[in-house]
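> Could you have a look at this structure, given as structure tokens, before my questions?
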Amino acid sequence: MAALAAVVVLVGGGIWALYGSSWLRVEKVTATGTQVLTAEQVLAAAAVPVGAPLVSVDTDEIESRVRGRLPRIDSVDVVRAWPHGIGLKVTERKPVLLIKKDADFVEVDASGVRFDTVAKAPAGVPVLELNAGQSPSARRFDEERLLHEAVSVAGGLPEPIAKETVQVKVGSYDSVVLELTGGRTVRWGSGEQGEAKGRALTALLKAAPKAGHFDVSVPTAPAVSGS
């Protein structure tokens with residue numbers, strides 16, 4: 001009986017410490033990992049109940065709330081920092097392509113998610129030009145499919161080439177053209193064999209830095225002109 005009473009006291013004391021006392025309550029909430037957003041925006045979206053028992057905080061609900069209110073957030077890790085803290089580690093979506101919309105730009109990430117509209121184009125992110133209306137394959141490959149092809153191409157470019165890509169032009173499924181800085185153009189072809197095409201283009205840019213046109217639509221037989 002004495003042992004049982006001791007267990008009851010310990011369990012009751014533990015429950016009281018977790019839920020009833022002021023020892024283990026939320027006093028501080030922090031956010032890290034922001035780049036475009038601010039920590040304050042993340043904290044406002046999270047709306048963590050300061051003063052609530054730390055053990056009762058629903059971390060899944062907070063994650064859902066942050067992602068729902070801030071589409072720029074790709075993922076958020078919510079952790080309890082005993083005895084008084086909640087930490088939010090966020091990862092923002094990164095645009096790989098922009099869609100012109102009136103005077104603004106819609107940012108699209110590597111998964112094809114349109115997550116924000118901005119007044120100024122971010123540096124180093126190409127703009128999509130989609131002219132597939134007259135394409136013979138327009139019925140089979142609609143604009144949404146072609147957008148994903150363009151995103152796949154832009155998102156798979158080697159970083160040095162991505163930084164020099166100003167525009168991605170799509171005329172059809174197998175007619176993707178990159179516009180690089182300096183007025184240079186690259187005939188990319190379809191979105192297939194992107195890794196091989198990236199390697200071929202990297203080699204061509206090094207071998208013929210003054211060329212104006214590059215063709216990697218068949219990566220095993222790349223070509224340059226206008227040098």
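Ordering of the structure tokens sets the chain letters (A, B, ...); residue numbers start at 1 within each chain; ligands are numbered from 1 in the order shown.
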Report as a tab-separated table: every residue of region 29-52 of chain A with an atom at most 10 Å from region 69-73 of chain A, its closest pair of atoms, and their distance in Å to one decimal, counting only C-alpha atoms, with rows sorted by chain and ascending residue number.

residue	atom	partner	partner_atom	distance
A:Thr34	CA	A:Ile73	CA	9.0
A:Val36	CA	A:Arg72	CA	8.8
A:Leu37	CA	A:Arg72	CA	8.1
A:Gln41	CA	A:Leu70	CA	8.5
A:Val42	CA	A:Leu70	CA	7.8
A:Ala44	CA	A:Arg69	CA	9.6
A:Ala45	CA	A:Arg69	CA	6.1
A:Ala46	CA	A:Arg69	CA	8.6
> Name all residues at most 8 Å from region 195-203 of chain A (count only C-alpha atoms; drop same-chain ones fewer than 2 positions away) and give them as a PDB file with all heavy atoms, in the first residue's frame.

ATOM      1  N   GLY A 156      16.800  22.135 -62.943  1.00  0.00           N
ATOM      2  CA  GLY A 156      17.885  21.170 -63.081  1.00  0.00           C
ATOM      3  C   GLY A 156      19.155  21.734 -63.680  1.00  0.00           C
ATOM      4  O   GLY A 156      20.124  20.987 -63.883  1.00  0.00           O
ATOM      5  N   LEU A 157      19.174  23.034 -63.980  1.00  0.00           N
ATOM      6  CA  LEU A 157      20.369  23.624 -64.584  1.00  0.00           C
ATOM      7  C   LEU A 157      21.515  23.667 -63.577  1.00  0.00           C
ATOM      8  O   LEU A 157      21.299  23.945 -62.398  1.00  0.00           O
ATOM      9  CB  LEU A 157      20.068  25.051 -65.053  1.00  0.00           C
ATOM     10  CG  LEU A 157      19.109  25.223 -66.233  1.00  0.00           C
ATOM     11  CD1 LEU A 157      18.814  26.696 -66.463  1.00  0.00           C
ATOM     12  CD2 LEU A 157      19.693  24.592 -67.492  1.00  0.00           C
ATOM     13  N   PRO A 158      22.739  23.420 -64.034  1.00  0.00           N
ATOM     14  CA  PRO A 158      23.888  23.622 -63.144  1.00  0.00           C
ATOM     15  C   PRO A 158      23.894  25.064 -62.646  1.00  0.00           C
ATOM     16  O   PRO A 158      23.524  25.988 -63.379  1.00  0.00           O
ATOM     17  CB  PRO A 158      25.092  23.344 -64.060  1.00  0.00           C
ATOM     18  CG  PRO A 158      24.546  22.462 -65.136  1.00  0.00           C
ATOM     19  CD  PRO A 158      23.135  22.922 -65.359  1.00  0.00           C
ATOM     20  N   ILE A 161      25.162  28.009 -64.773  1.00  0.00           N
ATOM     21  CA  ILE A 161      24.319  28.296 -65.934  1.00  0.00           C
ATOM     22  C   ILE A 161      23.002  28.925 -65.499  1.00  0.00           C
ATOM     23  O   ILE A 161      22.495  29.858 -66.136  1.00  0.00           O
ATOM     24  CB  ILE A 161      24.058  27.009 -66.740  1.00  0.00           C
ATOM     25  CG1 ILE A 161      25.381  26.481 -67.309  1.00  0.00           C
ATOM     26  CG2 ILE A 161      23.049  27.257 -67.858  1.00  0.00           C
ATOM     27  CD1 ILE A 161      25.260  25.139 -68.005  1.00  0.00           C
ATOM     28  N   TRP A 188      17.573  23.904 -76.212  1.00  0.00           N
ATOM     29  CA  TRP A 188      17.581  22.831 -75.220  1.00  0.00           C
ATOM     30  C   TRP A 188      16.806  21.612 -75.698  1.00  0.00           C
ATOM     31  O   TRP A 188      17.094  20.486 -75.296  1.00  0.00           O
ATOM     32  CB  TRP A 188      16.977  23.353 -73.916  1.00  0.00           C
ATOM     33  CG  TRP A 188      17.191  22.473 -72.735  1.00  0.00           C
ATOM     34  CD1 TRP A 188      16.342  21.512 -72.265  1.00  0.00           C
ATOM     35  CD2 TRP A 188      18.330  22.435 -71.868  1.00  0.00           C
ATOM     36  NE1 TRP A 188      16.861  20.889 -71.153  1.00  0.00           N
ATOM     37  CE2 TRP A 188      18.097  21.445 -70.877  1.00  0.00           C
ATOM     38  CE3 TRP A 188      19.522  23.153 -71.814  1.00  0.00           C
ATOM     39  CZ2 TRP A 188      19.006  21.162 -69.863  1.00  0.00           C
ATOM     40  CZ3 TRP A 188      20.427  22.872 -70.803  1.00  0.00           C
ATOM     41  CH2 TRP A 188      20.177  21.887 -69.850  1.00  0.00           C
ATOM     42  N   GLN A 193      16.730  14.218 -70.544  1.00  0.00           N
ATOM     43  CA  GLN A 193      18.189  14.169 -70.475  1.00  0.00           C
ATOM     44  C   GLN A 193      18.775  15.493 -69.973  1.00  0.00           C
ATOM     45  O   GLN A 193      19.816  15.949 -70.430  1.00  0.00           O
ATOM     46  CB  GLN A 193      18.788  13.838 -71.853  1.00  0.00           C
ATOM     47  CG  GLN A 193      18.429  12.453 -72.373  1.00  0.00           C
ATOM     48  CD  GLN A 193      19.079  12.150 -73.702  1.00  0.00           C
ATOM     49  OE1 GLN A 193      18.629  12.636 -74.736  1.00  0.00           O
ATOM     50  NE2 GLN A 193      20.134  11.371 -73.668  1.00  0.00           N
ATOM     51  N   LEU A 205      30.283  26.125 -73.129  1.00  0.00           N
ATOM     52  CA  LEU A 205      30.523  27.498 -72.656  1.00  0.00           C
ATOM     53  C   LEU A 205      31.999  27.717 -72.345  1.00  0.00           C
ATOM     54  O   LEU A 205      32.528  28.822 -72.541  1.00  0.00           O
ATOM     55  CB  LEU A 205      29.666  27.781 -71.429  1.00  0.00           C
ATOM     56  CG  LEU A 205      28.152  27.913 -71.670  1.00  0.00           C
ATOM     57  CD1 LEU A 205      27.396  27.967 -70.346  1.00  0.00           C
ATOM     58  CD2 LEU A 205      27.850  29.166 -72.488  1.00  0.00           C
ATOM     59  N   LYS A 206      32.657  26.687 -71.864  1.00  0.00           N
ATOM     60  CA  LYS A 206      34.084  26.801 -71.581  1.00  0.00           C
ATOM     61  C   LYS A 206      34.911  26.758 -72.868  1.00  0.00           C
ATOM     62  O   LYS A 206      35.898  27.481 -73.013  1.00  0.00           O
ATOM     63  CB  LYS A 206      34.524  25.674 -70.647  1.00  0.00           C
ATOM     64  CG  LYS A 206      33.982  25.793 -69.240  1.00  0.00           C
ATOM     65  CD  LYS A 206      34.467  24.633 -68.364  1.00  0.00           C
ATOM     66  CE  LYS A 206      33.939  24.769 -66.943  1.00  0.00           C
ATOM     67  NZ  LYS A 206      34.388  23.625 -66.079  1.00  0.00           N
ATOM     68  N   ALA A 207      34.492  25.897 -73.807  1.00  0.00           N
ATOM     69  CA  ALA A 207      35.251  25.726 -75.042  1.00  0.00           C
ATOM     70  C   ALA A 207      35.049  26.880 -76.017  1.00  0.00           C
ATOM     71  O   ALA A 207      35.965  27.233 -76.769  1.00  0.00           O
ATOM     72  CB  ALA A 207      34.859  24.408 -75.715  1.00  0.00           C
ATOM     73  N   PHE A 214      24.079  28.030 -78.829  1.00  0.00           N
ATOM     74  CA  PHE A 214      24.480  26.690 -78.420  1.00  0.00           C
ATOM     75  C   PHE A 214      23.305  25.737 -78.624  1.00  0.00           C
ATOM     76  O   PHE A 214      22.155  26.108 -78.390  1.00  0.00           O
ATOM     77  CB  PHE A 214      24.899  26.675 -76.948  1.00  0.00           C
ATOM     78  CG  PHE A 214      25.973  27.673 -76.605  1.00  0.00           C
ATOM     79  CD1 PHE A 214      25.656  28.990 -76.315  1.00  0.00           C
ATOM     80  CD2 PHE A 214      27.314  27.294 -76.589  1.00  0.00           C
ATOM     81  CE1 PHE A 214      26.639  29.912 -76.012  1.00  0.00           C
ATOM     82  CE2 PHE A 214      28.303  28.207 -76.283  1.00  0.00           C
ATOM     83  CZ  PHE A 214      27.975  29.515 -75.995  1.00  0.00           C
ATOM     84  N   VAL A 216      22.155  21.947 -77.484  1.00  0.00           N
ATOM     85  CA  VAL A 216      22.376  20.724 -76.710  1.00  0.00           C
ATOM     86  C   VAL A 216      21.134  19.840 -76.738  1.00  0.00           C
ATOM     87  O   VAL A 216      20.953  18.979 -75.878  1.00  0.00           O
ATOM     88  CB  VAL A 216      22.772  21.046 -75.244  1.00  0.00           C
ATOM     89  CG1 VAL A 216      24.121  21.737 -75.193  1.00  0.00           C
ATOM     90  CG2 VAL A 216      21.700  21.889 -74.550  1.00  0.00           C
ATOM     91  N   SER A 217      20.292  20.048 -77.753  1.00  0.00           N
ATOM     92  CA  SER A 217      19.061  19.256 -77.839  1.00  0.00           C
ATOM     93  C   SER A 217      19.378  17.769 -77.989  1.00  0.00           C
ATOM     94  O   SER A 217      18.592  16.913 -77.562  1.00  0.00           O
ATOM     95  CB  SER A 217      18.197  19.736 -79.002  1.00  0.00           C
ATOM     96  OG  SER A 217      18.935  19.698 -80.221  1.00  0.00           O
ATOM     97  N   VAL A 218      20.529  17.469 -78.591  1.00  0.00           N
ATOM     98  CA  VAL A 218      21.057  16.102 -78.614  1.00  0.00           C
ATOM     99  C   VAL A 218      22.385  16.178 -77.870  1.00  0.00           C
ATOM    100  O   VAL A 218      23.408  16.551 -78.450  1.00  0.00           O
ATOM    101  CB  VAL A 218      21.272  15.584 -80.053  1.00  0.00           C
ATOM    102  CG1 VAL A 218      21.784  14.142 -80.019  1.00  0.00           C
ATOM    103  CG2 VAL A 218      19.974  15.663 -80.854  1.00  0.00           C
ATOM    104  N   PRO A 219      22.388  15.870 -76.585  1.00  0.00           N
ATOM    105  CA  PRO A 219      23.575  16.130 -75.777  1.00  0.00           C
ATOM    106  C   PRO A 219      24.828  15.362 -76.212  1.00  0.00           C
ATOM    107  O   PRO A 219      25.950  15.783 -75.906  1.00  0.00           O
ATOM    108  CB  PRO A 219      23.148  15.717 -74.364  1.00  0.00           C
ATOM    109  CG  PRO A 219      21.994  14.803 -74.558  1.00  0.00           C
ATOM    110  CD  PRO A 219      21.304  15.282 -75.793  1.00  0.00           C
ATOM    111  N   THR A 220      24.647  14.265 -76.956  1.00  0.00           N
ATOM    112  CA  THR A 220      25.818  13.517 -77.431  1.00  0.00           C
ATOM    113  C   THR A 220      26.418  14.160 -78.680  1.00  0.00           C
ATOM    114  O   THR A 220      27.506  13.772 -79.105  1.00  0.00           O
ATOM    115  CB  THR A 220      25.426  12.067 -77.752  1.00  0.00           C
ATOM    116  OG1 THR A 220      24.335  12.061 -78.682  1.00  0.00           O
ATOM    117  CG2 THR A 220      25.031  11.329 -76.479  1.00  0.00           C
ATOM    118  N   PRO A 222      26.496  17.970 -79.323  1.00  0.00           N
ATOM    119  CA  PRO A 222      26.253  19.411 -79.115  1.00  0.00           C
ATOM    120  C   PRO A 222      26.930  20.239 -80.208  1.00  0.00           C
ATOM    121  O   PRO A 222      27.872  19.776 -80.857  1.00  0.00           O
ATOM    122  CB  PRO A 222      26.853  19.680 -77.750  1.00  0.00           C
ATOM    123  CG  PRO A 222      27.954  18.665 -77.630  1.00  0.00           C
ATOM    124  CD  PRO A 222      27.433  17.422 -78.313  1.00  0.00           C
TER     125      PRO A 222
END
> Per DSSP on the backbone, what are the alpha helix (DSSP H) residues of region 59-92 of chain A, as a PyMOL selection string?
chain A and resi 59-69
> Out of region 11-185 of chain A, which residues get strand (DSSP E) from DSSP, as number ranges by chain?
A: 28-32, 73-81, 85-92, 95-101, 104-109, 114-118, 127-130, 165-172, 175-180, 185
> Quick one: residues within 7 Å of region 95-105 of chain A, only C-alpha atoms counted, chain neighbours fewer than 4 positions away excluded, as JSON, numbers by chain?
{"A": [109, 110, 117, 118, 119, 120, 121, 125, 126, 127, 128, 151, 154, 155]}
> Using only C-alpha atoms, which of the listed residues (A:Val78, A:Gln35, A:Glu129, A:Asp60) sits closest to Glu92 (chain A)?
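Using only C-alpha atoms, Glu92 (chain A) sits closest to A:Gln35.
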> Find the residues near Gly183 (chain A): any atom within 12 Å, counting only C-alpha atoms, skip ones fewer than 6 places away on the same chain, and give them as a ChimeraX atom specification.
/A:164-167,210-214,226
> Kindly save the residues from that selection, with all heavy atoms included, as a PDB file, in the first residue's frame.

ATOM      1  N   GLU A 164      23.098  32.568 -65.143  1.00  0.00           N
ATOM      2  CA  GLU A 164      23.207  33.332 -66.380  1.00  0.00           C
ATOM      3  C   GLU A 164      21.958  33.227 -67.250  1.00  0.00           C
ATOM      4  O   GLU A 164      21.877  33.849 -68.305  1.00  0.00           O
ATOM      5  CB  GLU A 164      24.422  32.862 -67.177  1.00  0.00           C
ATOM      6  CG  GLU A 164      25.755  33.134 -66.502  1.00  0.00           C
ATOM      7  CD  GLU A 164      26.925  32.874 -67.439  1.00  0.00           C
ATOM      8  OE1 GLU A 164      26.891  33.368 -68.578  1.00  0.00           O
ATOM      9  OE2 GLU A 164      27.856  32.159 -67.030  1.00  0.00           O
ATOM     10  N   THR A 165      20.979  32.428 -66.815  1.00  0.00           N
ATOM     11  CA  THR A 165      19.762  32.241 -67.606  1.00  0.00           C
ATOM     12  C   THR A 165      18.762  33.346 -67.299  1.00  0.00           C
ATOM     13  O   THR A 165      18.335  33.523 -66.163  1.00  0.00           O
ATOM     14  CB  THR A 165      19.132  30.866 -67.317  1.00  0.00           C
ATOM     15  OG1 THR A 165      20.098  29.839 -67.563  1.00  0.00           O
ATOM     16  CG2 THR A 165      17.918  30.638 -68.196  1.00  0.00           C
ATOM     17  N   VAL A 166      18.404  34.089 -68.335  1.00  0.00           N
ATOM     18  CA  VAL A 166      17.490  35.227 -68.178  1.00  0.00           C
ATOM     19  C   VAL A 166      16.053  34.828 -68.468  1.00  0.00           C
ATOM     20  O   VAL A 166      15.122  35.314 -67.830  1.00  0.00           O
ATOM     21  CB  VAL A 166      17.917  36.375 -69.126  1.00  0.00           C
ATOM     22  CG1 VAL A 166      16.954  37.549 -69.028  1.00  0.00           C
ATOM     23  CG2 VAL A 166      19.342  36.822 -68.816  1.00  0.00           C
ATOM     24  N   GLN A 167      15.878  33.944 -69.439  1.00  0.00           N
ATOM     25  CA  GLN A 167      14.530  33.587 -69.876  1.00  0.00           C
ATOM     26  C   GLN A 167      14.494  32.126 -70.322  1.00  0.00           C
ATOM     27  O   GLN A 167      15.472  31.603 -70.857  1.00  0.00           O
ATOM     28  CB  GLN A 167      14.100  34.503 -71.031  1.00  0.00           C
ATOM     29  CG  GLN A 167      12.623  34.510 -71.337  1.00  0.00           C
ATOM     30  CD  GLN A 167      12.253  35.634 -72.301  1.00  0.00           C
ATOM     31  OE1 GLN A 167      12.853  35.771 -73.359  1.00  0.00           O
ATOM     32  NE2 GLN A 167      11.270  36.431 -71.930  1.00  0.00           N
ATOM     33  N   LYS A 210      32.847  32.798 -76.570  1.00  0.00           N
ATOM     34  CA  LYS A 210      32.366  33.932 -77.366  1.00  0.00           C
ATOM     35  C   LYS A 210      31.250  33.546 -78.331  1.00  0.00           C
ATOM     36  O   LYS A 210      30.785  34.378 -79.106  1.00  0.00           O
ATOM     37  CB  LYS A 210      33.533  34.548 -78.143  1.00  0.00           C
ATOM     38  CG  LYS A 210      34.597  35.163 -77.243  1.00  0.00           C
ATOM     39  CD  LYS A 210      35.688  35.830 -78.061  1.00  0.00           C
ATOM     40  CE  LYS A 210      36.743  36.462 -77.141  1.00  0.00           C
ATOM     41  NZ  LYS A 210      37.830  37.132 -77.914  1.00  0.00           N
ATOM     42  N   ALA A 211      30.840  32.301 -78.319  1.00  0.00           N
ATOM     43  CA  ALA A 211      29.770  31.850 -79.213  1.00  0.00           C
ATOM     44  C   ALA A 211      28.446  32.496 -78.823  1.00  0.00           C
ATOM     45  O   ALA A 211      28.223  32.857 -77.661  1.00  0.00           O
ATOM     46  CB  ALA A 211      29.654  30.329 -79.171  1.00  0.00           C
ATOM     47  N   GLY A 212      27.564  32.633 -79.814  1.00  0.00           N
ATOM     48  CA  GLY A 212      26.273  33.265 -79.545  1.00  0.00           C
ATOM     49  C   GLY A 212      25.123  32.286 -79.450  1.00  0.00           C
ATOM     50  O   GLY A 212      24.081  32.596 -78.874  1.00  0.00           O
ATOM     51  N   HIS A 213      25.320  31.086 -80.049  1.00  0.00           N
ATOM     52  CA  HIS A 213      24.231  30.108 -80.030  1.00  0.00           C
ATOM     53  C   HIS A 213      24.789  28.729 -79.711  1.00  0.00           C
ATOM     54  O   HIS A 213      25.811  28.312 -80.261  1.00  0.00           O
ATOM     55  CB  HIS A 213      23.517  30.065 -81.378  1.00  0.00           C
ATOM     56  CG  HIS A 213      22.406  29.058 -81.430  1.00  0.00           C
ATOM     57  ND1 HIS A 213      21.217  29.235 -80.768  1.00  0.00           N
ATOM     58  CD2 HIS A 213      22.323  27.841 -82.047  1.00  0.00           C
ATOM     59  CE1 HIS A 213      20.443  28.179 -80.973  1.00  0.00           C
ATOM     60  NE2 HIS A 213      21.088  27.323 -81.750  1.00  0.00           N
ATOM     61  N   PHE A 214      24.079  28.030 -78.829  1.00  0.00           N
ATOM     62  CA  PHE A 214      24.480  26.690 -78.420  1.00  0.00           C
ATOM     63  C   PHE A 214      23.305  25.737 -78.624  1.00  0.00           C
ATOM     64  O   PHE A 214      22.155  26.108 -78.390  1.00  0.00           O
ATOM     65  CB  PHE A 214      24.899  26.675 -76.948  1.00  0.00           C
ATOM     66  CG  PHE A 214      25.973  27.673 -76.605  1.00  0.00           C
ATOM     67  CD1 PHE A 214      25.656  28.990 -76.315  1.00  0.00           C
ATOM     68  CD2 PHE A 214      27.314  27.294 -76.589  1.00  0.00           C
ATOM     69  CE1 PHE A 214      26.639  29.912 -76.012  1.00  0.00           C
ATOM     70  CE2 PHE A 214      28.303  28.207 -76.283  1.00  0.00           C
ATOM     71  CZ  PHE A 214      27.975  29.515 -75.995  1.00  0.00           C
ATOM     72  N   GLY A 226      28.064  31.143 -84.304  1.00  0.00           N
ATOM     73  CA  GLY A 226      28.134  32.567 -83.996  1.00  0.00           C
ATOM     74  C   GLY A 226      29.328  32.954 -83.179  1.00  0.00           C
ATOM     75  O   GLY A 226      29.328  33.976 -82.488  1.00  0.00           O
TER      76      GLY A 226
END
> Could you give me, as an MDAnalysis selection string, the residues within 6 Å of Leu178 (chain A), counting only C-alpha atoms and dropping anything in the same chain fewer than 6 positions from it?
chainID A and resid 167:168 185:186
